[in-house]
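Shown next, in C-alpha cells, is the structure this report addresses.
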Amino acid sequence: MTKVMLENLPQVRGEYKFDEPLSKHTWLGVGGKADVMFLPEDEADLQYFLQNKPQDIPVFIIGGGSNLLVRDGGIRGAVIKLSNRSFSKWQICEEKLYCGAGLKNFELKKILPQNGLSGLEFLCSIPGTIGGAFRSNAGCFGSDLAKVLHHARVMDASGHIFKVEPEDFHFAYRYSDFPQDWIILEVCLQSEQKSKQEIEAIIAQNDEYRKNHQPQGIRTAGSTFKNPEGFAAWRLIKEAGCDTLSIGGVKMSDQHCNFLQNDGTATAEQIEQLCEKIIEAVYKHSGVKMQMEVKRVGERLDNDGRS
Ligand SMILES: Cc1cc2nc3c(=O)[nH]c(=O)nc-3n(C[C@H](O)[C@H](O)[C@H](O)COP(=O)(O)OP(=O)(O)OC[C@H]3O[C@@H](n4cnc5c(N)ncnc54)[C@H](O)[C@@H]3O)c2cc1C
C-alpha cells in the first residue's frame with residue numbers, strides 16, 4: 001500500500017497499527033506484516049471506516065487467527081480485528097443467545113452453564129471467535145455452527161448492515177460461501193434448556209476428549225486438512241508415510257498427524273511447503289486429493305525476500 005493511501009485513511013475513533021506483525025495474531029505464530037491493522041471502536045466506527053477509506057485499499061478480517069496460515073509477505077491493505085469489547089457483548093432472548101462476532105468461543109464455558117443454555121457446548125472447545133466459527137462453519141462432537149445458527153447481522157463491504165439467514169450461505173462441512181469482504185457483526189444461536197450441572201458435564205467431557213486425543217499447548221491451527229468424503233485425513237497422511245515429515249521447524253504432531261506443529265522457528269513458507277508435499281504424497285499413494293482446512297492468506301516472499 002502506498003504512503004499516500006495510508007495518509008488518506010479516515011479519522012476513526014478506534015486504533016490504527018501500521019506494519020503490524022500478523023505472527024502476533026495467529027495461533028501458528030507465523031506471518032508477515034499487515035500494512036495497517038484497524039481496531040474499530042464499535043460498529044459505527046467500522047461503518048465509517050468502510051464508507052470513507054480509499055476504495056483501492058483491500059480489507060481482510062481476522063478473528064482469533066486460529067485457522068489461518070498468513071504468508072511471510074504479509075497482507076496488503078487493512079486487516080480489521082474486532083477486538084474491542086463492544087464486539088463481544090452477548091445477551092439472551094427467548095432461549096436464543098446473541099453473541100458479538102468478537103466473542104471468544106472459550107468464553108461460552110461460563111456463559112452456557114450460568115444461563116442453562118445447552119446445544120452449544122461443542123463451540124466452547126474450538127479456539128477463536130464466533131465470527132471465525134461462522135465463516136468456517138466450525139464444528140466438532142457431531143455439531144457445527146450452521147446447525148445451531150438462527151440468523152446473523154452482517155456488514156457488507158460498503159458498510160450496509162443487514163440480517164442474514166443460514167440458508168443464504170450454502171453451509172457445508174467446514175465451508176460457507178460468505179463473501180470474503182463482508183463482516184459478521186453478531187450471531188444469534190438457538191439453544192435448549194438444561195441444568196447447569198448437565199451443561200458443565202458435557203463441556204468437561206469434551207475437554208477431556210481433546211486432552212486425550214489432540215496435542216495441547218503447541219503452535220498449531222488445528223486440523224490442517226479437511227477429511228475427504230469417506231476418509232480420515234490423519235489416516236491418509238499416516239498411510240502415505242507423511243506423519244514423520246518435517247521441514248525446518250514444522251512437523252506433523254506425534255499425537256495427531258493432521259495437526260501441524262511449529263516449534264517456534266518455522267516460517268510460513270516452510271509450513272506451506274510441508275502441506276503441499278503432503279497433499280502430493282497422499283495423492284500419489286491413495287489417489288485422494290486432500291484440501292486444506294487451514295486458510296492460506298497473504299503474499300509469499302520471492303527469493304530476495306520481497307513480497
Ligand atoms: C488447537 C485447535 C483446535 C481446533 N479445533 C477445531 C475444531 O474442532 N473444529 C473446527 O471447526 N475448527 C477447529 N480449529 C480451527 C479454528 O479454531 C476454527 O476454524 C475457528 O472457528 C476459527 O476462528 P477464528 O476466530 O480464529 O478465525 P480466523 O482464523 O481468524 O479466521 C478464519 C476465517 O474467518 C474469517 N473471519 C473471522 N472473523 C470474521 C468476522 N467477524 N466476519 C467475517 N469473517 C471473519 C477470516 O477472514 C478467515 O477467513 C482448531 C484450531 C486449533 C488451533
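Scheme for the C-alpha cells: letters A, B, ... for chains in order shown; per-chain residue numbers from 1; ligand numbers from 1 in order shown.
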
Environment of ligand 1 within 8 Å, counting only C-alpha atoms and all ligand atoms, reported as a ChimeraX atom specification: /A:26-28,60-68,81-82,101-102,104,125-141,144,154,174,178,180-185,214-223,293-295

Backbone DSSP call of strand (DSSP E or B) for stretch 127-220 of chain A, listed as a list in words: Thr129, Gly139, Cys140, Ser143, Asp144, Leu149, His150, His151, Ala152, Arg153, Val154, Met155, Ile161, Phe162, Lys163, Val164, Ala172, Tyr175, Ile183, Ile184, Leu185, Glu186, Val187, Cys188, Leu189, Gln190, Glu192, Gln193 and Arg219 of chain A

From A:Phe106, A:Phe259, A:Phe49, A:Phe231, residue lying nearest A:Ile271 [only C-alpha atoms]: A:Phe259

Residue contacts of A:Gly142 (12 Å, only C-alpha atoms) excluding same-chain residues fewer than 4 positions away, as a PyMOL selection string: chain A and resi 119-123+138+146-148+173+206

Residue set, stretch 90-176 of chain A restricted to helix (DSSP H, G or I), as a PyMOL selection string: chain A and resi 105-115+121-125+130-136+145-148+166-169
